[in-house]
>>> print(open('start_20.txt').read())   # compact mmCIF, C-alpha atoms
# COMPACT_ATOMS: atom_id res chain seq x y z
CA MET D 9 15.01 11.46 -64.80
CA SER D 10 15.95 12.07 -61.14
CA GLY D 11 14.66 10.97 -57.80
CA THR D 12 14.90 7.88 -55.61
CA CYS D 13 13.72 4.34 -56.30
CA ILE D 14 11.40 2.64 -53.84
CA CYS D 15 14.42 0.58 -52.72
CA GLY D 16 16.35 3.77 -51.89
CA THR D 17 18.68 3.80 -54.91
CA PRO D 18 19.23 7.27 -56.49
CA LEU D 19 17.71 7.35 -59.96
CA ALA D 20 19.67 8.34 -63.00
CA HIS D 21 17.32 6.44 -65.28
CA ALA D 22 13.97 5.13 -64.13
CA ILE D 23 11.56 2.45 -65.26
CA THR D 24 8.02 3.60 -64.63
CA GLY D 25 5.41 1.17 -63.39
CA ARG D 26 2.04 2.90 -62.97
CA THR D 27 2.90 5.89 -60.75
CA ARG D 28 6.04 4.39 -59.19
CA LYS D 29 9.63 4.70 -60.47
CA TYR D 30 12.13 1.84 -60.25
CA CYS D 31 15.89 1.63 -60.82
CA SER D 32 15.65 -1.64 -62.76
CA ASP D 33 13.34 -4.37 -63.97
CA ALA D 34 14.63 -6.61 -61.17
CA CYS D 35 13.60 -4.01 -58.55
CA ARG D 36 10.16 -3.60 -60.07
CA GLN D 37 9.62 -7.38 -60.15
CA LYS D 38 10.75 -7.67 -56.52
CA VAL D 39 8.21 -5.03 -55.45
CA TYR D 40 5.52 -6.82 -57.48
CA ARG D 41 6.27 -10.14 -55.75
CA GLU D 42 6.19 -8.50 -52.31
CA ARG D 43 2.88 -6.78 -53.10
CA LYS D 44 1.39 -10.05 -54.38
CA THR D 45 2.51 -11.87 -51.23
CA PHE D 46 0.94 -9.14 -49.08
CA CYS D 47 -2.35 -9.38 -50.99
CA ASN D 48 -2.38 -13.18 -50.65
CA VAL D 49 -1.95 -12.84 -46.88
CA CYS D 50 -4.87 -10.38 -46.79
CA LEU D 51 -7.02 -12.80 -48.78
CA LEU D 52 -6.18 -15.68 -46.46
CA GLN D 53 -7.21 -13.53 -43.52
CA LYS D 54 -10.48 -12.68 -45.25
CA SER D 55 -11.06 -16.35 -46.10
CA ARG D 56 -11.57 -17.45 -42.54
CA THR D 57 -15.02 -18.91 -42.04
CA ASP D 58 -16.25 -18.21 -38.50
CA LEU D 59 -16.68 -21.54 -36.71
CA ILE D 60 -19.35 -21.41 -34.04
CA ILE D 61 -20.32 -23.87 -31.33
CA CYS D 62 -23.92 -23.48 -30.21
CA ALA D 63 -23.62 -24.92 -26.70
CA GLY D 64 -25.64 -22.56 -24.55
CA GLY D 65 -26.92 -24.17 -21.36
CA ASN D 66 -23.85 -26.39 -20.83
CA ARG D 67 -21.03 -24.66 -18.99
CA ALA D 68 -18.47 -27.45 -19.48
CA PHE D 69 -19.01 -27.70 -23.23
CA LEU D 70 -18.89 -23.92 -23.61
CA GLN D 71 -15.60 -23.83 -21.73
CA VAL D 72 -14.00 -26.47 -23.97
CA ALA D 73 -15.24 -24.76 -27.15
CA SER D 74 -13.92 -21.41 -25.91
CA GLU D 75 -10.52 -22.93 -25.09
CA MET D 76 -10.39 -24.42 -28.60
CA GLY D 77 -10.88 -21.00 -30.19
CA TYR D 78 -14.48 -21.30 -31.42
CA MET D 79 -16.98 -18.49 -31.41
CA LEU D 80 -19.79 -19.33 -29.01
CA GLY D 81 -23.53 -19.38 -29.59
CA LEU D 82 -26.74 -20.32 -27.86
CA ARG D 83 -30.43 -20.70 -28.51
CA SER D 84 -32.71 -18.04 -27.02
CA GLY D 85 -33.55 -18.79 -23.43
CA TYR D 86 -30.38 -20.78 -22.66
CA ALA D 87 -27.72 -19.69 -20.18
CA SER D 88 -24.42 -18.21 -21.37
CA TYR D 89 -22.57 -18.56 -18.02
CA GLY D 90 -20.84 -15.25 -18.66
CA TYR D 91 -19.22 -16.27 -21.95
CA ASP D 92 -19.04 -13.89 -24.90
CA ILE D 93 -21.90 -14.96 -27.17
CA GLN D 94 -21.48 -14.17 -30.87
CA PHE D 95 -24.36 -16.21 -32.32
CA VAL D 96 -27.99 -16.41 -31.20
CA ASP D 97 -30.28 -19.05 -32.70
CA SER D 98 -34.06 -19.13 -32.55
CA GLU D 99 -36.33 -21.98 -31.49
CA TYR D 100 -37.53 -23.05 -34.93
CA LYS D 101 -40.60 -25.09 -34.00
CA HIS D 102 -42.18 -22.70 -31.50
CA PRO D 103 -40.36 -19.35 -31.84
CA ASN D 104 -40.86 -16.71 -29.20
CA PHE D 105 -39.69 -13.58 -30.97
CA GLU D 106 -39.95 -11.27 -27.95
CA ARG D 107 -37.69 -13.51 -25.87
CA HIS D 108 -35.40 -14.01 -28.87
CA LEU D 109 -35.02 -10.28 -29.42
CA LYS D 110 -34.30 -9.68 -25.74
CA THR D 111 -31.55 -12.31 -25.88
CA ILE D 112 -30.02 -10.61 -28.91
CA MET D 113 -30.21 -7.19 -27.28
CA ARG D 114 -28.48 -8.57 -24.18
CA HIS D 115 -25.57 -10.23 -26.03
CA ARG D 116 -25.27 -8.00 -29.14
CA PRO D 117 -23.78 -10.87 -31.18
CA LYS D 118 -22.11 -10.88 -34.57
CA TYR D 119 -24.78 -13.26 -35.96
CA ALA D 120 -28.42 -13.81 -35.05
CA VAL D 121 -31.14 -15.83 -36.73
CA VAL D 122 -34.49 -14.43 -37.77
CA PRO D 123 -37.22 -17.03 -37.04
CA ASP D 124 -37.42 -19.35 -40.06
CA LEU D 125 -39.49 -18.70 -43.13
CA SER D 126 -42.40 -21.06 -43.64
CA ASP D 127 -41.70 -24.66 -44.66
CA LYS D 128 -45.26 -25.00 -46.00
CA SER D 129 -45.75 -22.14 -48.47
CA VAL D 130 -44.08 -19.15 -50.11
CA SER D 131 -45.93 -15.93 -49.36
CA ALA D 132 -45.40 -12.18 -49.41
CA ALA D 133 -46.80 -11.94 -45.87
CA ASP D 134 -44.19 -14.37 -44.55
CA ILE D 135 -41.37 -12.46 -46.26
CA GLU D 136 -42.67 -9.17 -44.85
CA ARG D 137 -42.84 -10.66 -41.35
CA ALA D 138 -39.24 -11.88 -41.61
CA MET D 139 -38.00 -8.53 -42.92
CA ARG D 140 -39.69 -6.64 -40.06
CA GLN D 141 -37.98 -8.93 -37.58
CA TYR D 142 -34.73 -8.66 -39.54
CA GLU D 143 -34.77 -4.87 -39.15
CA GLN D 144 -35.41 -5.14 -35.42
CA ILE D 145 -32.60 -7.66 -34.95
CA ALA D 146 -30.21 -5.56 -37.05
CA LEU D 147 -30.27 -2.86 -34.35
CA SER D 148 -28.40 -5.22 -31.97
CA CYS D 149 -26.57 -7.58 -34.31
CA GLN D 150 -23.94 -7.19 -37.03
CA ILE D 151 -25.29 -9.84 -39.40
CA PRO D 152 -28.93 -10.96 -39.10
CA LEU D 153 -29.67 -14.22 -40.93
CA ILE D 154 -32.90 -15.08 -42.70
CA VAL D 155 -33.53 -18.82 -43.02
CA PRO D 156 -35.50 -19.84 -46.16
CA LYS D 157 -36.90 -23.35 -46.38
CA LEU D 158 -38.59 -23.56 -49.79
CA PRO D 159 -37.68 -22.89 -53.44
CA GLY D 160 -38.43 -19.32 -54.48
CA GLN D 161 -38.14 -17.71 -51.04
CA ILE D 162 -34.57 -16.47 -51.55
CA ALA D 163 -35.49 -14.68 -54.78
CA ARG D 164 -37.93 -12.52 -52.79
CA LEU D 165 -35.18 -11.30 -50.45
CA SER D 166 -32.93 -8.32 -51.10
CA THR D 167 -29.44 -9.31 -52.26
CA ASP D 168 -27.85 -7.69 -49.20
CA VAL D 169 -29.64 -10.08 -46.83
CA ALA D 170 -27.40 -12.85 -45.46
CA ILE D 171 -28.93 -16.33 -45.69
CA GLY D 172 -28.92 -19.05 -43.06
CA TYR D 173 -28.78 -22.35 -44.97
CA SER D 174 -30.36 -25.02 -42.79
CA ILE D 175 -28.44 -28.22 -43.55
CA PRO D 176 -31.02 -30.95 -44.31
CA SER D 177 -31.16 -33.48 -41.45
CA SER D 178 -33.63 -35.54 -39.45
CA TYR D 179 -34.81 -32.26 -37.89
CA GLY D 180 -35.79 -30.84 -41.26
CA GLY D 181 -33.85 -28.23 -43.19
CA ALA D 182 -33.79 -26.38 -46.50
CA ARG D 183 -35.64 -27.94 -49.42
CA TYR D 184 -34.25 -25.83 -52.26
CA ASP D 185 -31.29 -26.29 -54.60
CA LEU D 186 -27.94 -24.78 -53.62
CA TRP D 187 -27.77 -22.77 -56.85
CA GLU D 188 -30.33 -20.39 -55.31
CA LEU D 189 -27.56 -19.25 -52.95
CA ALA D 190 -25.32 -18.00 -55.77
CA GLY D 191 -23.90 -14.55 -55.03
CA ARG D 192 -25.17 -14.60 -51.44
CA ARG D 193 -23.51 -14.38 -48.05
CA VAL D 194 -24.30 -17.66 -46.29
CA HIS D 195 -24.21 -19.10 -42.79
CA LEU D 196 -24.36 -22.90 -42.48
CA LEU D 197 -26.87 -23.96 -39.84
CA GLY D 198 -26.55 -27.31 -38.10
CA GLY D 199 -25.98 -30.68 -39.68
CA SER D 200 -22.99 -32.99 -39.38
CA PRO D 201 -19.41 -31.75 -39.86
CA LEU D 202 -19.13 -33.69 -43.13
CA ASP D 203 -22.41 -32.32 -44.46
CA GLN D 204 -21.37 -28.76 -43.67
CA MET D 205 -18.01 -29.20 -45.36
CA GLU D 206 -19.61 -30.71 -48.45
CA VAL D 207 -21.96 -27.74 -48.76
CA PHE D 208 -18.95 -25.42 -48.39
CA ARG D 209 -17.22 -27.22 -51.28
CA GLN D 210 -20.29 -26.93 -53.48
CA LEU D 211 -20.70 -23.23 -52.73
CA ALA D 212 -17.02 -22.32 -53.21
CA GLY D 213 -16.81 -19.79 -56.01
CA ARG D 214 -20.58 -19.32 -56.04
CA ALA D 215 -21.35 -17.83 -52.63
CA THR D 216 -19.52 -16.49 -49.59
CA VAL D 217 -19.68 -18.86 -46.62
CA LEU D 218 -19.32 -16.45 -43.72
CA SER D 219 -19.76 -18.91 -40.90
CA ALA D 220 -20.97 -22.30 -39.72
CA ASP D 221 -22.46 -23.43 -36.45
CA GLY D 222 -23.27 -26.81 -35.05
CA ASN D 223 -23.44 -28.96 -31.94
CA MET D 224 -23.92 -32.48 -33.32
CA ALA D 225 -20.50 -33.51 -31.97
CA MET D 226 -21.62 -32.41 -28.52
CA GLY D 227 -24.63 -34.74 -28.56
CA VAL D 228 -22.60 -37.63 -29.99
CA ALA D 229 -19.94 -37.16 -27.28
CA ARG D 230 -22.50 -37.07 -24.49
CA ASN D 231 -24.78 -39.88 -25.72
CA PHE D 232 -22.37 -42.28 -27.43
CA ALA D 233 -18.88 -41.46 -26.08
CA GLN D 234 -17.66 -40.91 -29.64
CA TYR D 235 -15.56 -38.15 -31.21
CA TRP D 236 -15.26 -36.91 -34.78
CA ASP D 237 -12.16 -37.48 -36.89
CA GLY D 238 -13.52 -37.69 -40.42
CA GLY D 239 -16.17 -40.02 -38.97
CA TRP D 240 -17.40 -41.02 -35.53
CA ILE D 241 -14.90 -42.98 -33.44
CA ASP D 242 -15.45 -44.70 -30.10
CA HIS D 243 -13.46 -43.32 -27.19
CA PRO D 244 -10.98 -45.90 -25.81
CA GLU D 245 -12.70 -45.65 -22.41
CA LYS D 246 -16.25 -45.85 -23.76
CA GLY D 247 -18.56 -47.52 -21.25
CA MET D 248 -17.17 -45.73 -18.23
CA SER D 249 -19.56 -43.35 -16.50
CA ASP D 250 -16.86 -40.74 -15.85
CA LYS D 251 -17.87 -37.33 -17.18
CA SER D 252 -14.30 -36.77 -18.34
CA VAL D 253 -14.80 -39.36 -21.11
CA TYR D 254 -17.45 -37.41 -23.00
CA LEU D 255 -15.66 -34.12 -22.35
CA ASP D 256 -12.52 -35.63 -23.86
CA CYS D 257 -14.61 -36.75 -26.86
CA TRP D 258 -15.92 -33.21 -27.19
CA ARG D 259 -12.42 -31.72 -27.02
CA LYS D 260 -11.10 -34.15 -29.64
CA SER D 261 -14.04 -33.38 -31.93
CA CYS D 262 -13.53 -29.62 -31.58
CA GLU D 263 -9.84 -29.97 -32.40
CA ASN D 264 -10.37 -32.27 -35.39
CA ILE D 265 -13.26 -30.29 -36.88
CA ARG D 266 -11.29 -27.04 -36.69
CA ARG D 267 -8.25 -28.67 -38.32
CA GLU D 268 -10.39 -30.07 -41.14
CA TRP D 269 -12.03 -26.69 -41.75
CA GLU D 270 -8.65 -24.95 -41.90
CA THR D 271 -7.46 -27.49 -44.48
CA LEU D 272 -10.67 -27.09 -46.46
CA VAL D 273 -10.40 -23.30 -46.62
CA GLU D 274 -6.77 -23.55 -47.75
CA LEU D 275 -7.90 -25.74 -50.66
CA HIS D 276 -10.32 -23.02 -51.78
CA PRO D 277 -8.25 -19.78 -51.95
CA LEU D 278 -10.28 -16.62 -52.26
CA VAL D 279 -10.39 -13.83 -54.79
CA VAL D 280 -12.00 -10.46 -54.15
CA GLN D 281 -14.87 -9.48 -56.39
CA GLN D 282 -17.35 -6.63 -56.29
CA SER D 283 -20.50 -7.87 -54.62
CA LEU D 284 -24.00 -7.28 -55.88
CA PHE D 285 -24.69 -4.99 -52.92
CA GLY D 286 -21.47 -2.96 -52.89
CA GLY D 287 -18.13 -3.52 -51.17
CA ASP D 288 -15.82 -6.50 -51.41
CA LEU D 289 -17.15 -10.00 -51.78
CA CYS D 290 -14.82 -12.91 -51.09
CA THR D 291 -15.52 -15.98 -53.20
CA GLY D 292 -13.64 -19.12 -54.04
CA ASN D 293 -11.86 -19.96 -57.28
>>> encode(input="start_20.txt", output="structure tokens")
Amino acid sequence: MSGTCICGTPLAHAITGRTRKYCSDACRQKVYRERKTFCNVCLLQKSRTDLIICAGGNRAFLQVASEMGYMLGLRSGYASYGYDIQFVDSEYKHPNFERHLKTIMRHRPKYAVVPDLSDKSVSAADIERAMRQYEQIALSCQIPLIVPKLPGQIARLSTDVAIGYSIPSSYGGARYDLWELAGRRVHLLGGSPLDQMEVFRQLAGRATVLSADGNMAMGVARNFAQYWDGGWIDHPEKGMSDKSVYLDCWRKSCENIRREWETLVELHPLVVQQSLFGGDLCTGN
């Protein structure tokens, strides 16, 4: 058998592995290890959960979040101050869809929220309304997000629809079990950093967590001069009226939250599976 091995060695005798020819077992194993390493790097790249700071309307907070490498978001009607906006949220209590859609069309973000499904009843009319708005938003957004609130709503949505999971908090949130998200692409909406990370752990291997957004650390920095580092910690200069104190809290929180997310994702390496709606689906082990 003639030819040249993948390593460049002329072949007198070859060991065949699939369609490739190798000069020895050692060479074939070396190529296998290199291919496995390459695939692992690809998977780690795919594993990155987009971290989003929804700080529209506050130039200083947007600037810090941008410097810390976060994707930026805002709620419809808030100023972007010229920053690249990749997430647009909707006012959930009194949504104005026309204004919301205009905001999305202006920024053309990666993610945008469809006004929430009802938190009072499950109905075909509500699902149809959300899907109509979903289709309109999809014209100017890569990944529209539908936000269910009650058990049974997700089952009425096509499997290719990405879900915004509203982390339960004092403002409300989802009232269904996490198992309903199995096999879905999910964005984590709001809540505390710890709550978001706990949901991520519970969904690992069951759903694909595409992204997470929040601004709780912004409010805590501004109102209490505290920053997040696994819990809320008082700034050493708390009590001073200097604006730099709460901006420093915000910067520390952004840094610590990102570090914790990176550690969390590393603890849940991904495998590629065929999704229910075609294409690759990244899920945890």
>>> closest_residue(input="start_20.txt", among="D:Trp240, D:Ile93, D:Asp203, D:Gln234", to="Asp256 (chain D)", atoms="all atoms listed in the file")
D:Gln234
>>> closest_residue(input="start_20.txt", among="D:Tyr91, D:Tyr78, D:Trp258, D:Tyr119", to="Leu196 (chain D)", atoms="only C-alpha atoms")
D:Tyr119
>>> closest_residue(input="start_20.txt", among="D:Gly213, D:Gly181, D:Gly238, D:Gly227", to="Phe69 (chain D)", atoms="only C-alpha atoms")
D:Gly227
>>> atom_distance(input="start_20.txt", atom1="CA of Gln150 (chain D)", atom2="CA of Thr111 (chain D)")
14.4 Å
>>> residues_around(input="start_20.txt", residues="Gln204 (chain D)", least_positions_apart="4", cutoff="12 Å", atoms="only C-alpha atoms", output="JSON, numbers by chain")
{"D": [57, 59, 173, 174, 175, 176, 177, 194, 195, 196, 197, 198, 199, 200, 208, 209, 210, 211, 217, 219, 220, 221, 222, 223, 224, 265, 268, 269, 272]}
>>> closest_residue(input="start_20.txt", among="D:Ala233, D:Val207, D:Ala182, D:Ile241", to="Asp127 (chain D)", atoms="all atoms listed in the file")
D:Ala182
>>> decode(input="start_20.txt", residues="region 81-104 of chain D", atoms="N, CA and C atoms", output="mmCIF file, in the first residue's frame")
data_model
loop_
_atom_site.group_PDB
_atom_site.id
_atom_site.type_symbol
_atom_site.label_atom_id
_atom_site.label_comp_id
_atom_site.auth_asym_id
_atom_site.auth_seq_id
_atom_site.Cartn_x
_atom_site.Cartn_y
_atom_site.Cartn_z
ATOM 1 N N GLY D 81 -28.225 45.599 27.131
ATOM 2 C CA GLY D 81 -29.648 45.566 26.836
ATOM 3 C C GLY D 81 -30.349 46.767 27.436
ATOM 4 N N LEU D 82 -31.598 46.932 27.040
ATOM 5 C CA LEU D 82 -32.421 47.997 27.607
ATOM 6 C C LEU D 82 -33.888 47.604 27.501
ATOM 7 N N ARG D 83 -34.707 48.284 28.250
ATOM 8 C CA ARG D 83 -36.151 48.139 28.134
ATOM 9 C C ARG D 83 -36.654 49.171 27.133
ATOM 10 N N SER D 84 -37.666 48.808 26.370
ATOM 11 C CA SER D 84 -38.207 49.716 25.348
ATOM 12 C C SER D 84 -38.484 51.089 25.938
ATOM 13 N N GLY D 85 -38.055 52.105 25.219
ATOM 14 C CA GLY D 85 -38.306 53.463 25.656
ATOM 15 C C GLY D 85 -37.145 54.096 26.382
ATOM 16 N N TYR D 86 -36.121 53.298 26.765
ATOM 17 C CA TYR D 86 -34.965 53.835 27.471
ATOM 18 C C TYR D 86 -33.862 54.187 26.486
ATOM 19 N N ALA D 87 -33.001 55.120 26.893
ATOM 20 C CA ALA D 87 -31.923 55.584 26.026
ATOM 21 C C ALA D 87 -30.774 54.579 25.989
ATOM 22 N N SER D 88 -30.139 54.498 24.809
ATOM 23 C CA SER D 88 -28.985 53.600 24.643
ATOM 24 C C SER D 88 -27.660 54.354 24.674
ATOM 25 N N TYR D 89 -27.695 55.681 24.537
ATOM 26 C CA TYR D 89 -26.507 56.540 24.529
ATOM 27 C C TYR D 89 -25.485 56.105 23.483
ATOM 28 N N GLY D 90 -25.973 55.546 22.390
ATOM 29 C CA GLY D 90 -25.078 55.178 21.301
ATOM 30 C C GLY D 90 -24.419 53.819 21.441
ATOM 31 N N TYR D 91 -24.695 53.099 22.529
ATOM 32 C CA TYR D 91 -24.086 51.781 22.703
ATOM 33 C C TYR D 91 -24.779 50.739 21.831
ATOM 34 N N ASP D 92 -24.039 49.697 21.497
ATOM 35 C CA ASP D 92 -24.579 48.585 20.714
ATOM 36 C C ASP D 92 -25.505 47.763 21.605
ATOM 37 N N ILE D 93 -26.776 47.754 21.302
ATOM 38 C CA ILE D 93 -27.773 47.070 22.118
ATOM 39 C C ILE D 93 -28.096 45.708 21.499
ATOM 40 N N GLN D 94 -27.904 44.653 22.283
ATOM 41 C CA GLN D 94 -28.109 43.289 21.796
ATOM 42 C C GLN D 94 -29.264 42.568 22.489
ATOM 43 N N PHE D 95 -29.970 43.279 23.368
ATOM 44 C CA PHE D 95 -31.127 42.692 24.056
ATOM 45 C C PHE D 95 -32.142 43.799 24.307
ATOM 46 N N VAL D 96 -33.390 43.544 23.927
ATOM 47 C CA VAL D 96 -34.460 44.521 24.182
ATOM 48 C C VAL D 96 -35.570 43.834 24.971
ATOM 49 N N ASP D 97 -35.832 44.369 26.150
ATOM 50 C CA ASP D 97 -36.875 43.837 27.026
ATOM 51 C C ASP D 97 -38.154 44.651 26.840
ATOM 52 N N SER D 98 -39.259 44.060 27.270
ATOM 53 C CA SER D 98 -40.552 44.731 27.162
ATOM 54 C C SER D 98 -41.062 45.092 28.547
ATOM 55 N N GLU D 99 -41.753 46.198 28.654
ATOM 56 C CA GLU D 99 -42.448 46.552 29.895
ATOM 57 C C GLU D 99 -43.511 45.494 30.146
ATOM 58 N N TYR D 100 -43.366 44.744 31.247
ATOM 59 C CA TYR D 100 -44.244 43.573 31.411
ATOM 60 C C TYR D 100 -45.599 43.917 32.021
ATOM 61 N N LYS D 101 -45.700 45.004 32.768
ATOM 62 C CA LYS D 101 -46.988 45.336 33.382
ATOM 63 C C LYS D 101 -47.908 46.062 32.400
ATOM 64 N N HIS D 102 -47.358 47.012 31.668
ATOM 65 C CA HIS D 102 -48.157 47.787 30.720
ATOM 66 C C HIS D 102 -47.414 47.845 29.387
ATOM 67 N N PRO D 103 -47.363 46.725 28.658
ATOM 68 C CA PRO D 103 -46.583 46.691 27.411
ATOM 69 C C PRO D 103 -47.181 47.574 26.328
ATOM 70 N N ASN D 104 -46.291 48.241 25.625
ATOM 71 C CA ASN D 104 -46.673 49.039 24.460
ATOM 72 C C ASN D 104 -45.965 48.391 23.272
#
